[in-house]
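Just coords-v3.txt here, compact mmCIF, C-alpha atoms and all ligand atoms:
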# COMPACT_ATOMS: atom_id res chain seq x y z
CA MET X 23 44.08 144.15 105.72
CA PRO X 24 47.66 145.28 106.42
CA TYR X 25 48.50 148.89 107.25
CA VAL X 26 50.42 150.24 104.25
CA VAL X 27 52.80 153.18 104.42
CA GLY X 28 53.62 154.62 101.00
CA LEU X 29 57.25 155.65 100.59
CA THR X 30 58.10 158.14 97.89
CA GLY X 31 60.54 160.89 96.96
CA GLY X 32 62.26 162.37 93.94
CA ILE X 33 65.04 160.67 92.02
CA GLY X 34 68.05 160.04 94.23
CA SER X 35 66.34 161.40 97.34
CA GLY X 36 67.21 158.25 99.30
CA LYS X 37 64.15 155.98 99.03
CA THR X 38 66.35 152.88 98.80
CA VAL X 39 68.53 153.70 101.79
CA VAL X 40 65.42 154.55 103.83
CA ALA X 41 63.61 151.35 102.78
CA ASP X 42 66.74 149.38 103.71
CA ALA X 43 66.76 151.02 107.16
CA PHE X 44 63.13 149.98 107.76
CA ALA X 45 63.89 146.48 106.44
CA GLU X 46 66.69 146.19 109.01
CA LEU X 47 64.02 146.68 111.68
CA GLY X 48 62.12 143.74 110.19
CA VAL X 49 59.58 145.80 108.23
CA GLU X 50 58.35 144.19 105.02
CA ILE X 51 58.82 146.23 101.85
CA ALA X 52 56.97 146.01 98.55
CA ASP X 53 58.70 147.91 95.77
CA ALA X 54 56.84 149.16 92.69
CA ASP X 55 60.02 149.40 90.59
CA ALA X 56 61.00 145.84 91.48
CA ALA X 57 57.46 144.68 90.68
CA ALA X 58 57.62 146.45 87.31
CA HIS X 59 60.84 144.60 86.51
CA ALA X 60 59.50 141.27 87.74
CA VAL X 61 56.28 141.31 85.69
CA SER X 62 58.21 142.12 82.52
CA ALA X 63 61.11 139.71 83.05
CA ARG X 64 61.66 137.07 80.39
CA GLY X 65 58.96 134.40 80.56
CA GLU X 66 56.51 136.68 82.40
CA PRO X 67 53.28 137.89 80.76
CA GLY X 68 54.42 141.53 80.65
CA HIS X 69 57.48 140.61 78.58
CA ALA X 70 55.50 139.03 75.75
CA ALA X 71 52.87 141.78 75.85
CA VAL X 72 55.44 144.58 75.51
CA ILE X 73 57.24 142.92 72.59
CA GLU X 74 53.95 142.29 70.86
CA ALA X 75 52.92 145.93 71.29
CA PHE X 76 56.27 147.63 70.58
CA GLY X 77 57.88 145.22 68.16
CA PRO X 78 61.26 143.45 68.15
CA GLN X 79 63.12 146.70 68.94
CA ALA X 80 61.84 146.31 72.49
CA ARG X 81 63.85 143.08 72.84
CA ALA X 82 67.48 143.28 73.96
CA ALA X 83 70.22 141.00 72.64
CA ASP X 84 69.88 138.73 75.69
CA GLY X 85 66.14 138.24 75.02
CA GLY X 86 65.00 140.41 77.93
CA LEU X 87 63.34 143.77 77.40
CA ASP X 88 65.57 146.58 76.17
CA ARG X 89 64.70 148.83 79.09
CA GLY X 90 66.90 151.70 77.87
CA TRP X 91 65.15 151.74 74.49
CA LEU X 92 61.74 151.56 76.14
CA ARG X 93 62.59 154.36 78.60
CA ARG X 94 63.76 156.64 75.76
CA THR X 95 60.74 155.75 73.63
CA VAL X 96 58.13 156.53 76.28
CA PHE X 97 60.01 159.58 77.58
CA ALA X 98 59.63 161.17 74.15
CA ASP X 99 56.13 159.94 73.33
CA PRO X 100 53.15 160.23 75.72
CA VAL X 101 51.01 157.91 73.57
CA ALA X 102 53.65 155.18 73.77
CA ARG X 103 53.92 155.78 77.51
CA ALA X 104 50.17 155.34 77.94
CA ARG X 105 50.29 152.13 75.91
CA LEU X 106 53.13 150.70 77.99
CA GLU X 107 51.41 151.66 81.23
CA ALA X 108 48.10 150.13 80.13
CA LEU X 109 49.94 146.85 79.53
CA LEU X 110 52.02 146.72 82.66
CA HIS X 111 50.09 148.56 85.38
CA PRO X 112 47.42 145.89 85.96
CA LEU X 113 50.16 143.27 86.26
CA ILE X 114 52.19 145.45 88.65
CA LEU X 115 49.14 146.22 90.81
CA ALA X 116 48.22 142.54 91.05
CA ARG X 117 51.76 141.59 92.02
CA LEU X 118 51.99 144.29 94.68
CA ALA X 119 48.58 143.33 96.08
CA ALA X 120 49.75 139.72 96.42
CA GLU X 121 52.98 140.80 98.15
CA ILE X 122 51.07 143.02 100.57
CA ALA X 123 48.56 140.27 101.32
CA ALA X 124 51.48 138.04 102.37
CA TRP X 125 52.90 140.54 104.89
CA ARG X 126 53.12 139.21 108.42
CA GLY X 127 54.10 142.33 110.37
CA PRO X 128 51.72 144.98 111.74
CA TYR X 129 52.58 147.34 108.90
CA GLY X 130 54.67 147.39 105.76
CA ILE X 131 56.11 149.87 103.32
CA LEU X 132 55.07 150.24 99.70
CA SER X 133 57.86 152.07 97.89
CA VAL X 134 56.58 153.94 94.83
CA PRO X 135 58.89 156.55 93.28
CA LEU X 136 56.04 158.17 91.32
CA LEU X 137 53.30 157.70 93.92
CA PHE X 138 51.80 161.17 93.43
CA GLU X 139 52.63 161.55 89.74
CA ARG X 140 50.89 158.30 88.71
CA GLY X 141 48.22 158.34 91.38
CA ASN X 142 47.13 154.75 90.79
CA LEU X 143 48.49 153.50 94.12
CA THR X 144 47.54 156.41 96.38
CA SER X 145 44.30 154.65 97.35
CA ARG X 146 46.32 151.63 98.54
CA VAL X 147 48.29 153.54 101.17
CA ALA X 148 47.03 154.68 104.55
CA ARG X 149 49.82 157.19 105.00
CA VAL X 150 52.57 158.76 102.90
CA LEU X 151 56.22 159.07 103.90
CA VAL X 152 58.32 161.39 101.73
CA VAL X 153 62.12 161.21 101.65
CA ASP X 154 63.42 164.69 101.05
CA CYS X 155 66.70 166.42 100.34
CA PRO X 156 67.64 169.65 98.54
CA GLU X 157 67.54 169.42 94.75
CA ASP X 158 71.25 170.13 94.36
CA VAL X 159 71.97 167.19 96.66
CA GLN X 160 69.71 164.94 94.53
CA VAL X 161 71.65 165.95 91.42
CA ALA X 162 75.03 165.41 93.09
CA ARG X 163 74.10 161.97 94.43
CA VAL X 164 72.56 160.72 91.20
CA THR X 165 75.44 161.94 89.01
CA ALA X 166 77.93 160.32 91.40
CA ARG X 167 75.99 157.05 91.38
CA SER X 168 74.96 156.66 87.75
CA GLY X 169 77.23 158.70 85.54
CA LEU X 170 74.21 160.63 84.22
CA ALA X 171 74.97 164.26 83.42
CA ALA X 172 73.53 166.90 85.76
CA GLU X 173 71.24 168.16 82.97
CA GLU X 174 69.84 164.65 82.45
CA VAL X 175 69.08 164.36 86.15
CA ARG X 176 67.42 167.78 86.12
CA ALA X 177 65.31 166.75 83.12
CA ILE X 178 64.07 163.71 85.05
CA MET X 179 63.39 165.90 88.09
CA ALA X 180 61.42 168.33 85.91
CA ALA X 181 59.11 165.47 84.92
CA GLN X 182 58.50 164.67 88.61
CA LEU X 183 56.37 166.60 91.09
CA PRO X 184 58.12 169.76 92.35
CA ARG X 185 59.69 169.32 95.78
CA ALA X 186 57.31 171.75 97.53
CA GLN X 187 54.21 169.99 96.20
CA ARG X 188 55.53 166.59 97.21
CA LEU X 189 56.25 167.86 100.72
CA ALA X 190 52.79 169.46 100.93
CA ARG X 191 51.22 166.04 100.33
CA ALA X 192 53.37 164.15 102.84
CA ASP X 193 52.05 162.85 106.14
CA ASP X 194 55.63 162.30 107.32
CA VAL X 195 58.98 163.49 105.99
CA ILE X 196 62.45 162.02 106.39
CA ASP X 197 65.12 164.67 106.00
CA ASN X 198 67.93 163.02 104.00
CA GLY X 199 69.86 166.21 103.32
CA GLY X 200 72.44 165.23 105.92
CA PRO X 201 74.72 162.23 106.44
CA LEU X 202 73.45 158.65 106.31
CA ALA X 203 73.86 158.43 110.08
CA ALA X 204 71.06 160.99 110.48
CA LEU X 205 68.52 158.51 109.07
CA ALA X 206 68.47 155.93 111.88
CA PRO X 207 66.86 158.11 114.58
CA GLN X 208 64.20 159.34 112.14
CA VAL X 209 63.43 155.80 111.01
CA THR X 210 63.25 154.56 114.62
CA ARG X 211 60.78 157.31 115.55
CA LEU X 212 58.56 156.60 112.54
CA HIS X 213 58.72 152.83 113.13
CA ALA X 214 57.21 153.40 116.59
CA LEU X 215 54.57 155.73 115.13
CA TYR X 216 53.61 153.28 112.38
CA ARG X 217 53.32 150.39 114.81
CA ASP X 218 50.96 152.53 116.89
CA LEU X 219 48.90 153.55 113.86
CA ALA X 220 48.80 149.96 112.61
CA ALA X 221 47.55 148.73 116.00
CA ARG X 222 44.73 151.29 115.92
CA PHE X 223 44.00 150.44 112.28
CA ALA X 224 43.73 146.74 113.16
CA LEU X 225 41.02 147.59 115.69
CA GLU X 226 39.15 150.06 113.50
CA PRO X 227 40.30 149.98 109.85
CA ALA X 228 37.94 152.79 108.78
CA ARG X 229 39.26 155.21 111.41
CA GLY X 230 42.90 154.22 110.85
CA SER X 231 42.93 155.80 107.44
CA GLU X 232 40.92 158.87 108.39
CA GLY X 233 42.30 162.34 107.94
CA GLN X 234 44.72 161.45 105.14
P1 LIG C 1 66.21 156.49 92.69
O1 LIG C 1 65.11 157.46 92.64
O2 LIG C 1 67.19 156.76 91.62
O3 LIG C 1 65.78 155.05 92.75
P2 LIG C 1 66.59 156.60 95.57
O4 LIG C 1 65.61 157.64 95.95
O5 LIG C 1 66.25 155.18 95.86
O6 LIG C 1 67.04 156.77 94.05
P3 LIG C 1 69.07 156.05 96.89
O7 LIG C 1 69.46 155.04 95.85
O8 LIG C 1 68.67 155.56 98.23
O9 LIG C 1 67.93 157.01 96.30
O10 LIG C 1 70.20 157.15 97.06
C1 LIG C 1 70.79 157.77 95.92
C2 LIG C 1 72.31 157.70 96.03
O11 LIG C 1 72.72 158.57 97.07
C3 LIG C 1 72.85 156.33 96.38
O12 LIG C 1 74.08 156.15 95.75
C4 LIG C 1 72.99 156.39 97.90
O13 LIG C 1 73.97 155.51 98.37
C5 LIG C 1 73.37 157.85 98.11
N1 LIG C 1 72.87 158.42 99.37
C6 LIG C 1 71.60 158.36 99.82
N2 LIG C 1 71.47 159.03 100.98
C7 LIG C 1 72.69 159.51 101.27
C8 LIG C 1 73.22 160.30 102.35
N3 LIG C 1 72.44 160.73 103.37
N4 LIG C 1 74.51 160.62 102.31
C9 LIG C 1 75.29 160.23 101.28
N5 LIG C 1 74.88 159.49 100.24
C10 LIG C 1 73.59 159.13 100.22
Could you show the structure in this file as structure tokens?
Amino acid sequence: MPYVVGLTGGIGSGKTVVADAFAELGVEIADADAAAHAVSARGEPGHAAVIEAFGPQARAADGGLDRGWLRRTVFADPVARARLEALLHPLILARLAAEIAAWRGPYGILSVPLLFERGNLTSRVARVLVVDCPEDVQVARVTARSGLAAEEVRAIMAAQLPRAQRLARADDVIDNGGPLAALAPQVTRLHALYRDLAARFALEPARGSEGQ
């Protein structure tokens, strides 16, 4: 059983740049967002299931899912959100489990933006790494990247766990409030720690996940 480090953080906190930094060190990454896309891509079981449940409006002009329409629909309607999640989550979990089972390194990273909010993957991770930066910095980075208005970003942040609660549940924190260059030393230190923890976990899996 591989040692799995869960990577999470609020919108725009820097999960992708941090995952990329670990990947450069040869660490394998499984990504819940990518898995969600993959299982609902055209021709995949999640695609047909969503169109059957939500109707032709869920289909974009190119035949793929209209992800913008779906996002708006479930954002406004908790019942619709639950229906979508019930369809896709089992497929996503199975895909991630298969990816993790294929890892070759001593540990890998499972990137899950809503790890704490959803809760359905917390039991799969031995340790949680939170990427953190001040909320104003999150807003500035996301507006610069996506063209979303600051209020839209703040509305998304309001639907996520508050920063202090996320930090309280972290085993490790990467401070991404500074320049990109400040990430490498933090990632290098954690890489050494995770290799150590993974080596212990390989000897005694039950103890390796103790105290989380
Ligand atoms: P999302 O939650 O939207 O998937 P994320 O947590 O994966 O976002 P990134 O995509 O890694 O966050 O970073 C958000 C944006 O901020 C990107 O455009 C990225 O290039 C930029 N960024 C991340 N960290 C820094 C930094 N330390 N300095 C400057 N820009 C940064």
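The residue that comes closest to ligand LIG 1 (chain C), out of X:His69, X:His213, X:Arg163, X:Arg103 and on the basis of only C-alpha atoms and all ligand atoms, is X:Arg163.
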Kindly extract all protein, DNA and RNA residues lying within 12 Å of the coordinates (63.1, 139.6, 75.3) given in the file, considering all atoms listed in the file, and supply them as a PDB file with C-alpha atoms, in the coordinates of the input.
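Dumped to point18.pdb:
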ATOM      1  CA  SER X  62      58.210 142.120  82.520  1.00  0.00           C
ATOM      2  CA  ALA X  63      61.110 139.710  83.050  1.00  0.00           C
ATOM      3  CA  ARG X  64      61.660 137.070  80.390  1.00  0.00           C
ATOM      4  CA  GLY X  65      58.960 134.400  80.560  1.00  0.00           C
ATOM      5  CA  GLU X  66      56.510 136.680  82.400  1.00  0.00           C
ATOM      6  CA  PRO X  67      53.280 137.890  80.760  1.00  0.00           C
ATOM      7  CA  GLY X  68      54.420 141.530  80.650  1.00  0.00           C
ATOM      8  CA  HIS X  69      57.480 140.610  78.580  1.00  0.00           C
ATOM      9  CA  ALA X  70      55.500 139.030  75.750  1.00  0.00           C
ATOM     10  CA  ALA X  71      52.870 141.780  75.850  1.00  0.00           C
ATOM     11  CA  VAL X  72      55.440 144.580  75.510  1.00  0.00           C
ATOM     12  CA  ILE X  73      57.240 142.920  72.590  1.00  0.00           C
ATOM     13  CA  GLU X  74      53.950 142.290  70.860  1.00  0.00           C
ATOM     14  CA  PHE X  76      56.270 147.630  70.580  1.00  0.00           C
ATOM     15  CA  GLY X  77      57.880 145.220  68.160  1.00  0.00           C
ATOM     16  CA  PRO X  78      61.260 143.450  68.150  1.00  0.00           C
ATOM     17  CA  GLN X  79      63.120 146.700  68.940  1.00  0.00           C
ATOM     18  CA  ALA X  80      61.840 146.310  72.490  1.00  0.00           C
ATOM     19  CA  ARG X  81      63.850 143.080  72.840  1.00  0.00           C
ATOM     20  CA  ALA X  82      67.480 143.280  73.960  1.00  0.00           C
ATOM     21  CA  ALA X  83      70.220 141.000  72.640  1.00  0.00           C
ATOM     22  CA  ASP X  84      69.880 138.730  75.690  1.00  0.00           C
ATOM     23  CA  GLY X  85      66.140 138.240  75.020  1.00  0.00           C
ATOM     24  CA  GLY X  86      65.000 140.410  77.930  1.00  0.00           C
ATOM     25  CA  LEU X  87      63.340 143.770  77.400  1.00  0.00           C
ATOM     26  CA  ASP X  88      65.570 146.580  76.170  1.00  0.00           C
ATOM     27  CA  ARG X  89      64.700 148.830  79.090  1.00  0.00           C
TER      28      ARG X  89
END
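Compared by their closest atoms to Arg149 (chain X), and using all atoms listed in the file, the residues X:Ala186, X:Ala204, X:Ala124, X:Val195 rank with X:Val195 nearest.
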- Message: Give me, as a ChimeraX atom specification, all polymer residues having an atom no more than 12 Å from Pro184 (chain X), counting only C-alpha atoms and skipping those fewer than 6 positions away in the same chain.
- Response: /X:31-33,136,138-139,154,156-157,176,178,190-191
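With a cut-off of 6 Å and using all atoms listed in the file, the polymer residues contacting ligand LIG 1 (chain C) are Gly32, Ile33, Gly34, Ser35, Gly36, Lys37, Thr38, Val39, Arg163, Val164, Arg167, Asn198, Gly200, Pro201 and Leu202 of chain X.
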Padded axis-aligned box of region 70-78 of chain X (6 Å per side), centre and edge lengths, Å, one decimal, as JSON:
{"center_x": 57.1, "center_y": 143.3, "center_z": 72.0, "size_x": 20.4, "size_y": 20.6, "size_z": 19.7}
- Query: If you count all atoms listed in the file, which residues fall within 10 Å of Asp53 (chain X), apart from same-chain ones fewer than 6 positions away, as number ranges by chain?
  - Reply: X: 28-29, 38, 41, 114, 118, 121, 131-135
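Residues surrounding Ala116 (chain X) within 12 Å are Ala54, Ala57, Ala58, Ala60, Val61, Leu110, His111, Glu121, Ile122, Ala123, Leu143 and Arg146 of chain X [all atoms listed in the file; sequence separation below 5 positions excluded].
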- Item | Test item: residues at most 12 Å from Pro207 (chain X), only C-alpha atoms, excluding those fewer than 5 positions along its chain, as number ranges by chain | X: 40, 43-44, 196-198, 202, 212-214
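The interatomic distance for the pair CA of Thr95 (chain X) and CA of Leu115 (chain X) works out to 22.8 Å.
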- For Ala177 (chain X), the closest of X:Ala56, X:Ala108, X:Ala119, X:Ala98 counting all atoms listed in the file is X:Ala98
Can I get region 146-166 of chain X with N, CA, C and O atoms filled in, as an mmCIF file, keeping the file's coordinate frame?
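As written to disk, out-v9.cif reads:
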data_model
loop_
_atom_site.group_PDB
_atom_site.id
_atom_site.type_symbol
_atom_site.label_atom_id
_atom_site.label_comp_id
_atom_site.auth_asym_id
_atom_site.auth_seq_id
_atom_site.Cartn_x
_atom_site.Cartn_y
_atom_site.Cartn_z
ATOM 1 N N ARG X 146 45.870 152.847 97.826
ATOM 2 C CA ARG X 146 46.320 151.630 98.540
ATOM 3 C C ARG X 146 47.093 151.954 99.811
ATOM 4 O O ARG X 146 47.440 151.041 100.553
ATOM 5 N N VAL X 147 47.443 153.217 100.012
ATOM 6 C CA VAL X 147 48.290 153.540 101.170
ATOM 7 C C VAL X 147 47.484 154.329 102.201
ATOM 8 O O VAL X 147 46.669 155.178 101.863
ATOM 9 N N ALA X 148 47.731 154.002 103.463
ATOM 10 C CA ALA X 148 47.030 154.680 104.550
ATOM 11 C C ALA X 148 47.734 155.973 104.921
ATOM 12 O O ALA X 148 47.132 156.872 105.524
ATOM 13 N N ARG X 149 49.004 156.067 104.559
ATOM 14 C CA ARG X 149 49.820 157.190 105.000
ATOM 15 C C ARG X 149 50.996 157.323 104.033
ATOM 16 O O ARG X 149 51.455 156.326 103.475
ATOM 17 N N VAL X 150 51.482 158.550 103.861
ATOM 18 C CA VAL X 150 52.570 158.760 102.900
ATOM 19 C C VAL X 150 53.812 159.323 103.599
ATOM 20 O O VAL X 150 53.739 160.346 104.297
ATOM 21 N N LEU X 151 54.918 158.628 103.379
ATOM 22 C CA LEU X 151 56.220 159.070 103.900
ATOM 23 C C LEU X 151 57.061 159.567 102.721
ATOM 24 O O LEU X 151 57.313 158.809 101.773
ATOM 25 N N VAL X 152 57.487 160.814 102.789
ATOM 26 C CA VAL X 152 58.320 161.390 101.730
ATOM 27 C C VAL X 152 59.765 161.488 102.216
ATOM 28 O O VAL X 152 60.019 161.967 103.328
ATOM 29 N N VAL X 153 60.699 161.005 101.383
ATOM 30 C CA VAL X 153 62.120 161.210 101.650
ATOM 31 C C VAL X 153 62.531 162.468 100.905
ATOM 32 O O VAL X 153 62.286 162.601 99.704
ATOM 33 N N ASP X 154 63.164 163.365 101.622
ATOM 34 C CA ASP X 154 63.420 164.690 101.050
ATOM 35 C C ASP X 154 64.885 165.084 101.226
ATOM 36 O O ASP X 154 65.508 164.775 102.245
ATOM 37 N N CYS X 155 65.403 165.745 100.193
ATOM 38 C CA CYS X 155 66.700 166.420 100.340
ATOM 39 C C CYS X 155 66.714 167.571 99.326
ATOM 40 O O CYS X 155 65.901 167.590 98.391
ATOM 41 N N PRO X 156 67.592 168.539 99.493
ATOM 42 C CA PRO X 156 67.640 169.650 98.540
ATOM 43 C C PRO X 156 67.925 169.150 97.119
ATOM 44 O O PRO X 156 68.608 168.134 96.936
ATOM 45 N N GLU X 157 67.415 169.880 96.138
ATOM 46 C CA GLU X 157 67.540 169.420 94.750
ATOM 47 C C GLU X 157 68.993 169.294 94.305
ATOM 48 O O GLU X 157 69.350 168.365 93.573
ATOM 49 N N ASP X 158 69.836 170.221 94.738
ATOM 50 C CA ASP X 158 71.250 170.130 94.360
ATOM 51 C C ASP X 158 71.886 168.847 94.890
ATOM 52 O O ASP X 158 72.790 168.274 94.262
ATOM 53 N N VAL X 159 71.435 168.429 96.060
ATOM 54 C CA VAL X 159 71.970 167.190 96.660
ATOM 55 C C VAL X 159 71.489 165.985 95.841
ATOM 56 O O VAL X 159 72.271 165.063 95.569
ATOM 57 N N GLN X 160 70.222 166.020 95.410
ATOM 58 C CA GLN X 160 69.710 164.940 94.530
ATOM 59 C C GLN X 160 70.598 164.834 93.289
ATOM 60 O O GLN X 160 71.025 163.735 92.915
ATOM 61 N N VAL X 161 70.853 165.961 92.653
ATOM 62 C CA VAL X 161 71.650 165.950 91.420
ATOM 63 C C VAL X 161 73.043 165.389 91.702
ATOM 64 O O VAL X 161 73.545 164.522 90.971
ATOM 65 N N ALA X 162 73.664 165.857 92.775
ATOM 66 C CA ALA X 162 75.030 165.410 93.090
ATOM 67 C C ALA X 162 75.065 163.909 93.349
ATOM 68 O O ALA X 162 75.941 163.202 92.849
ATOM 69 N N ARG X 163 74.083 163.403 94.084
ATOM 70 C CA ARG X 163 74.100 161.970 94.430
ATOM 71 C C ARG X 163 73.825 161.110 93.202
ATOM 72 O O ARG X 163 74.450 160.063 93.027
ATOM 73 N N VAL X 164 72.889 161.548 92.364
ATOM 74 C CA VAL X 164 72.560 160.720 91.200
ATOM 75 C C VAL X 164 73.704 160.759 90.181
ATOM 76 O O VAL X 164 74.046 159.719 89.600
ATOM 77 N N THR X 165 74.320 161.897 89.970
ATOM 78 C CA THR X 165 75.440 161.940 89.010
ATOM 79 C C THR X 165 76.585 161.079 89.528
ATOM 80 O O THR X 165 77.219 160.353 88.759
ATOM 81 N N ALA X 166 76.830 161.127 90.834
ATOM 82 C CA ALA X 166 77.930 160.320 91.400
ATOM 83 C C ALA X 166 77.625 158.833 91.249
ATOM 84 O O ALA X 166 78.512 158.029 90.971
#
